[in-house]
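Report on the following structure.
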Amino acid sequence: MTAGEAEQLLIHECRLIDERRFDEWLGLFAEDALYWLPITDGDPAVEPSLIYDDKPRLRERIFRLTQTRAPSQDPPSRTLHNVSNVALDGRLVRCHLTIHEYRPGDLSQVGLGQQRVFPASAEYEFTPEGLIRLKKVWLLTRDAPQYNLTFIF
Amino acid sequence: MTAVTFSASDAVVDQAGDFRVHRSIYADPAIFELEMQRIFERTWVFVAHESELPNPGDYVTTTLGTQPVIVSRGPDDDVHVMLNRCRHRGSVVCRAEKGHATSWTCPYHGWVYACDGALEGIAQASGYPDDFLDRDMGLVPAPRVGVYRGLIFASMSATGESLDERLAQVAPYIDFWADRSPLGKITLTRGAHKFFFAGNWKFQLDNGSDGYHGNYVHESFLQILDRAGEKKVGDYKQLRSTGSVVGLGHGDGFIDRPYGGMAGQFEYHDPSLAGYHEQLRQAYGAERAQAILGQRNLLVFPNLYLFESHIRVIRPLAVDRTVVLMHPTRLEGVDDALNTARLRTHERFFGPAGFGAPDDVEMFVNGETGMKARSAEWVLMSRGLARESYEDGVWRGGHSTDESPQRSMYREWKRFMSSE
């Protein structure tokens, strides 16, 4: 895979998220995939992560977003993902993600009507078939107190 | 129809068949300031856990109410709690959230403080009298510090109840929490889940031991458990009828769900648990092990909740801004695999990207918006008053969805806020 091919895959992934085509997005992940937002650089077996989803847990996340009514996603988040700085690093593809998130609503409703920005660096690993085996997202503010992070990064 | 600032004693109505609090306690900046002075700076407040400070020189910075403090382990191995504020011109002396240091140098003019708070040196000291360093010019200490089962509490008041007196009634329930470890020893993970929300701190206070909201706020999580084949939504809703709620003195209280019902939902559901349960029976006997495994979302008023999987610390920033920290716990003396499984189960529900806790936080910001409806003045906390019993200082709800813990909180809130 070239950096250019990797970039095209990542742009496609961003588009599936932003268009809320979550079942198709789920299909990009291998069965042994890990979708991971760490808080620290510690061992994930010992240290909590913001998200540490294996494929079954990721299916639950998508089920929650698409099949249940959760107050934290009512109204649901709109997102815009930008991917940049794509580079190959051995088996990894490294890039930057800038995620803009917005839950529509009257500004007098606390929590709604505000655009938020989440810059991050990310590491991807792909299977030979081009499926995502690892998506690890290092939020710039990973150890800061956060409001609602219930959308897809 | 102009809202008035209620006096604290009028803001909590506690009379036969009626219990309510006035909206101003969530919305009025003047009441918030009074809360910091009369509650947070008078009573015992949780500041840190001993496992965060294993060695002399280890420290964390936090707040006591809204005052910046350092909690450190001094060279003498004692725990020190002191204001993070140089005695000279008032700059903070330590900006790190945690770390290890033998001393802190004030970044402004270079005054040096030892890790127990003592002033060690002044840059260019010739501008001061010769005996200046001999004066008591260390970082201002909290007058009293105490530790119970690894939980470090501090009081900004030199007088009042001792920590032992303060915790006497709630201590047996803290013991149940700590004894989830067969060695009776809990440690916190290094990282934590941290929430920020634009709302009053008491929304989290009210919610932590509320047994009423789960069927509604957490419908999404119940559906996830149903889908996973772990429990049918209907069975879960039925289980909420089991157990009770308890209000204690001093504002403390808890949900009281015996093991086998709702309890264990945040532990790991796996046959390997049998080994853990057997460990607890060996350590404590069958009867006590059973009690330890019950679910209690236990509030130690005013800022600490003890949950099965974590401790939760409420940090008020302003009347409409709050930080909540969830520190996952590790049980000493069990298999690493069990602690990892507990962590994964914790992440499933809690944290800002979990499948449960963000839905609670959404209720906190909804409440914040709702409290702007000035013409609707009262928040009701009377649920279950008619089916509540009272004996030996314990209010026991007739149903696990009743508001006995909340009433205990606001009785204590009123007691503190009414005293000059």
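For the structure tokens, the naming scheme is as follows: chains receive sequential letters (A, B, ...) according to their order of presentation, residues are indexed from 1 within each chain, and ligands are indexed from 1 in presentation order.
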
List every residue of range 36-85 of chain A that DSSP, applied to the backbone of this structure, assigns to alpha helix (DSSP H), and report them as a VMD selection string.
chain A and resid 55 to 67

Distance-based interface of chain A with chain B, 6 Å, counting only C-alpha atoms, as a CSV table (one decimal) with N, CA and C atoms, in the first residue's frame:
```csv
chain,number,residue,atom,x,y,z
A,45,ALA,N,-4.2,-3.0,29.6
A,45,ALA,CA,-4.7,-4.0,30.5
A,45,ALA,C,-4.8,-3.5,32.0
A,47,GLU,N,-4.5,0.3,32.5
A,47,GLU,CA,-4.9,1.7,32.5
A,47,GLU,C,-6.2,1.9,31.7
A,68,THR,N,-30.7,2.5,19.3
A,68,THR,CA,-31.3,2.9,20.6
A,68,THR,C,-31.4,4.4,20.7
A,69,ARG,N,-32.2,4.9,21.6
A,69,ARG,CA,-32.2,6.3,21.8
A,69,ARG,C,-31.5,6.6,23.1
A,70,ALA,N,-30.3,7.2,22.9
A,70,ALA,CA,-29.5,7.6,24.0
A,70,ALA,C,-29.5,9.1,24.2
A,71,PRO,N,-29.8,9.6,25.4
A,71,PRO,CA,-29.9,11.1,25.6
A,71,PRO,C,-28.6,11.8,25.1
A,72,SER,N,-27.5,11.2,25.2
A,72,SER,CA,-26.2,11.9,24.8
A,72,SER,C,-26.1,12.0,23.3
A,109,GLN,N,-30.2,25.9,25.1
A,109,GLN,CA,-30.1,24.5,25.6
A,109,GLN,C,-28.7,24.2,25.9
A,110,VAL,N,-28.3,24.1,27.2
A,110,VAL,CA,-26.9,23.8,27.6
A,110,VAL,C,-26.4,22.6,26.9
A,145,PRO,N,-10.6,16.9,31.2
A,145,PRO,CA,-12.0,16.7,31.4
A,145,PRO,C,-12.8,17.0,30.1
A,146,GLN,N,-13.7,16.1,29.8
A,146,GLN,CA,-14.4,16.2,28.5
A,146,GLN,C,-15.9,16.1,28.7
A,147,TYR,N,-16.6,16.9,28.0
A,147,TYR,CA,-18.0,16.7,27.8
A,147,TYR,C,-18.2,15.6,26.7
A,148,ASN,N,-19.4,15.1,26.6
A,148,ASN,CA,-19.8,14.1,25.6
A,148,ASN,C,-18.8,13.7,24.5
A,149,LEU,N,-18.3,12.5,24.5
A,149,LEU,CA,-17.5,12.0,23.4
A,149,LEU,C,-18.2,10.7,22.8
A,150,THR,N,-19.5,10.8,22.6
A,150,THR,CA,-20.2,9.6,22.2
A,150,THR,C,-20.4,9.5,20.7
```

Which is closer to His109 in chain B than all the others in B:Leu64, B:Ser375, B:Arg87, B:Leu280, using only C-alpha atoms?
B:Arg87

Can you list every residue in chain A that DSSP puts in strand (DSSP E or B), as a PyMOL selection string?
chain A and resi 29-38+49-54+78-89+92-102+115-126+132-139+146

Could the residues in this selection be written to a file with C-alpha atoms, as an mmCIF file, in the first residue's frame?
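Result file follows (again21.cif):
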```cif
data_model
loop_
_atom_site.group_PDB
_atom_site.id
_atom_site.type_symbol
_atom_site.label_atom_id
_atom_site.label_comp_id
_atom_site.auth_asym_id
_atom_site.auth_seq_id
_atom_site.Cartn_x
_atom_site.Cartn_y
_atom_site.Cartn_z
ATOM 1 C CA PHE A 29 -12.848 -3.349 10.399
ATOM 2 C CA ALA A 30 -11.328 -6.824 10.602
ATOM 3 C CA GLU A 31 -12.766 -9.325 13.084
ATOM 4 C CA ASP A 32 -9.691 -8.964 15.306
ATOM 5 C CA ALA A 33 -9.740 -5.151 15.067
ATOM 6 C CA LEU A 34 -9.149 -2.709 17.868
ATOM 7 C CA TYR A 35 -10.635 0.800 17.935
ATOM 8 C CA TRP A 36 -8.713 2.581 20.671
ATOM 9 C CA LEU A 37 -8.633 6.059 22.219
ATOM 10 C CA PRO A 38 -6.000 5.942 24.957
ATOM 11 C CA SER A 49 -8.875 4.167 27.917
ATOM 12 C CA LEU A 50 -11.548 6.510 26.635
ATOM 13 C CA ILE A 51 -12.443 3.768 24.162
ATOM 14 C CA TYR A 52 -10.985 0.268 23.928
ATOM 15 C CA ASP A 53 -13.336 -1.517 21.546
ATOM 16 C CA ASP A 54 -12.747 -4.944 20.128
ATOM 17 C CA ARG A 78 -22.948 15.859 13.104
ATOM 18 C CA THR A 79 -19.284 15.363 12.339
ATOM 19 C CA LEU A 80 -16.746 16.419 9.749
ATOM 20 C CA HIS A 81 -13.493 14.470 9.697
ATOM 21 C CA ASN A 82 -10.385 15.849 8.016
ATOM 22 C CA VAL A 83 -7.440 13.552 7.441
ATOM 23 C CA SER A 84 -3.971 14.925 6.748
ATOM 24 C CA ASN A 85 -0.235 14.267 7.162
ATOM 25 C CA VAL A 86 -0.646 10.692 5.924
ATOM 26 C CA ALA A 87 2.621 8.761 6.015
ATOM 27 C CA LEU A 88 3.684 5.107 6.026
ATOM 28 C CA ASP A 89 5.708 3.955 9.017
ATOM 29 C CA LEU A 92 1.521 1.517 10.387
ATOM 30 C CA VAL A 93 -0.141 4.346 8.571
ATOM 31 C CA ARG A 94 0.168 7.539 10.573
ATOM 32 C CA CYS A 95 -1.988 10.576 10.021
ATOM 33 C CA HIS A 96 -3.621 13.536 11.685
ATOM 34 C CA LEU A 97 -7.357 13.703 12.200
ATOM 35 C CA THR A 98 -9.246 16.902 12.846
ATOM 36 C CA ILE A 99 -12.782 16.126 13.873
ATOM 37 C CA HIS A 100 -15.399 18.854 13.988
ATOM 38 C CA GLU A 101 -18.508 17.961 15.951
ATOM 39 C CA TYR A 102 -21.809 19.747 16.367
ATOM 40 C CA GLN A 115 -19.202 23.479 17.369
ATOM 41 C CA ARG A 116 -16.324 21.578 18.964
ATOM 42 C CA VAL A 117 -12.988 20.636 17.439
ATOM 43 C CA PHE A 118 -10.941 17.537 18.313
ATOM 44 C CA PRO A 119 -7.446 17.491 16.811
ATOM 45 C CA ALA A 120 -5.700 14.124 17.038
ATOM 46 C CA SER A 121 -2.938 12.007 15.655
ATOM 47 C CA ALA A 122 -3.835 8.501 14.619
ATOM 48 C CA GLU A 123 -2.189 5.169 13.891
ATOM 49 C CA TYR A 124 -3.795 2.671 11.534
ATOM 50 C CA GLU A 125 -2.854 -0.863 10.726
ATOM 51 C CA PHE A 126 -4.441 -2.675 7.797
ATOM 52 C CA ILE A 132 -8.604 -1.927 9.484
ATOM 53 C CA ARG A 133 -6.937 -4.008 12.193
ATOM 54 C CA LEU A 134 -6.030 -1.025 14.404
ATOM 55 C CA LYS A 135 -7.381 2.477 14.656
ATOM 56 C CA LYS A 136 -5.670 4.234 17.524
ATOM 57 C CA VAL A 137 -6.534 7.889 18.030
ATOM 58 C CA TRP A 138 -4.471 10.112 20.291
ATOM 59 C CA LEU A 139 -6.690 13.070 21.097
ATOM 60 C CA GLN A 146 -14.379 16.167 28.512
#
```

State, in Å with one decimal place, the distance from CA of Pro143 in chain B to CA of Gln37 in chain B.
15.0 Å

Find the residues around Val140 in chain B up to 12 Å (only C-alpha atoms counted), leave out those fewer than 5 positions away in its own chain, and share them as a PyMOL selection string.
chain B and resi 67-70+80-88+90+113+116-119+156

Give me a file of those residues, with N, CA and C atoms, as an mmCIF file, in the first residue's frame.
```
data_model
loop_
_atom_site.group_PDB
_atom_site.id
_atom_site.type_symbol
_atom_site.label_atom_id
_atom_site.label_comp_id
_atom_site.auth_asym_id
_atom_site.auth_seq_id
_atom_site.Cartn_x
_atom_site.Cartn_y
_atom_site.Cartn_z
ATOM 1 N N GLN B 67 -10.489 25.975 46.259
ATOM 2 C CA GLN B 67 -9.135 26.407 46.594
ATOM 3 C C GLN B 67 -8.097 25.414 46.072
ATOM 4 N N PRO B 68 -7.063 25.918 45.383
ATOM 5 C CA PRO B 68 -6.036 25.008 44.864
ATOM 6 C C PRO B 68 -5.189 24.441 46.001
ATOM 7 N N VAL B 69 -5.026 23.116 46.006
ATOM 8 C CA VAL B 69 -4.212 22.485 47.052
ATOM 9 C C VAL B 69 -3.252 21.473 46.444
ATOM 10 N N ILE B 70 -2.180 21.215 47.198
ATOM 11 C CA ILE B 70 -1.258 20.118 46.904
ATOM 12 C C ILE B 70 -1.451 19.070 47.984
ATOM 13 N N HIS B 80 0.476 15.381 53.595
ATOM 14 C CA HIS B 80 0.297 16.815 53.827
ATOM 15 C C HIS B 80 -0.673 17.370 52.799
ATOM 16 N N VAL B 81 -1.535 18.253 53.248
ATOM 17 C CA VAL B 81 -2.455 18.951 52.343
ATOM 18 C C VAL B 81 -2.257 20.435 52.591
ATOM 19 N N MET B 82 -1.919 21.173 51.542
ATOM 20 C CA MET B 82 -1.610 22.591 51.730
ATOM 21 C C MET B 82 -2.051 23.391 50.521
ATOM 22 N N LEU B 83 -2.278 24.678 50.747
ATOM 23 C CA LEU B 83 -2.713 25.538 49.644
ATOM 24 C C LEU B 83 -1.575 25.681 48.642
ATOM 25 N N ASN B 84 -1.938 25.549 47.369
ATOM 26 C CA ASN B 84 -0.964 25.650 46.278
ATOM 27 C C ASN B 84 -0.858 27.133 45.910
ATOM 28 N N ARG B 85 -0.128 27.872 46.779
ATOM 29 C CA ARG B 85 -0.154 29.322 46.658
ATOM 30 C C ARG B 85 1.038 29.867 47.420
ATOM 31 N N CYS B 86 1.960 30.521 46.701
ATOM 32 C CA CYS B 86 3.164 31.051 47.334
ATOM 33 C C CYS B 86 2.793 32.101 48.384
ATOM 34 N N ARG B 87 3.508 32.042 49.505
ATOM 35 C CA ARG B 87 3.219 32.982 50.585
ATOM 36 C C ARG B 87 3.619 34.409 50.218
ATOM 37 N N HIS B 88 4.422 34.565 49.189
ATOM 38 C CA HIS B 88 4.920 35.889 48.803
ATOM 39 C C HIS B 88 3.855 36.668 48.027
ATOM 40 N N GLY B 90 1.469 35.084 45.874
ATOM 41 C CA GLY B 90 0.239 34.354 45.596
ATOM 42 C C GLY B 90 0.216 33.489 44.353
ATOM 43 N N TYR B 113 9.894 25.681 48.444
ATOM 44 C CA TYR B 113 9.139 24.988 49.493
ATOM 45 C C TYR B 113 9.443 23.499 49.445
ATOM 46 N N ASP B 116 6.896 18.910 52.153
ATOM 47 C CA ASP B 116 5.920 18.954 53.255
ATOM 48 C C ASP B 116 5.392 20.369 53.453
ATOM 49 N N GLY B 117 5.777 21.302 52.553
ATOM 50 C CA GLY B 117 5.236 22.653 52.585
ATOM 51 C C GLY B 117 6.128 23.679 53.268
ATOM 52 N N ALA B 118 7.162 23.236 53.986
ATOM 53 C CA ALA B 118 8.016 24.185 54.719
ATOM 54 C C ALA B 118 8.782 25.087 53.746
ATOM 55 N N LEU B 119 8.907 26.369 54.107
ATOM 56 C CA LEU B 119 9.698 27.288 53.282
ATOM 57 C C LEU B 119 11.174 26.975 53.503
ATOM 58 N N MET B 156 -10.532 22.246 56.214
ATOM 59 C CA MET B 156 -9.970 23.588 56.360
ATOM 60 C C MET B 156 -10.363 24.213 57.695
#
```

Within 9 Å of His250 in chain B using only C-alpha atoms, minus same-chain residues under 6 positions, as a list in words
Arg166, Leu167, Gln169, Val170, Val300, Phe301, Ser408, Met409, Arg411, Glu412 and Trp413 of chain B

Looking at only C-alpha atoms, which of B:Asp256, B:Asp14, B:Glu391, B:Glu33 is the one that sits closest to Ser209 in chain B?
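Closest residue, counting only C-alpha atoms: B:Asp256.
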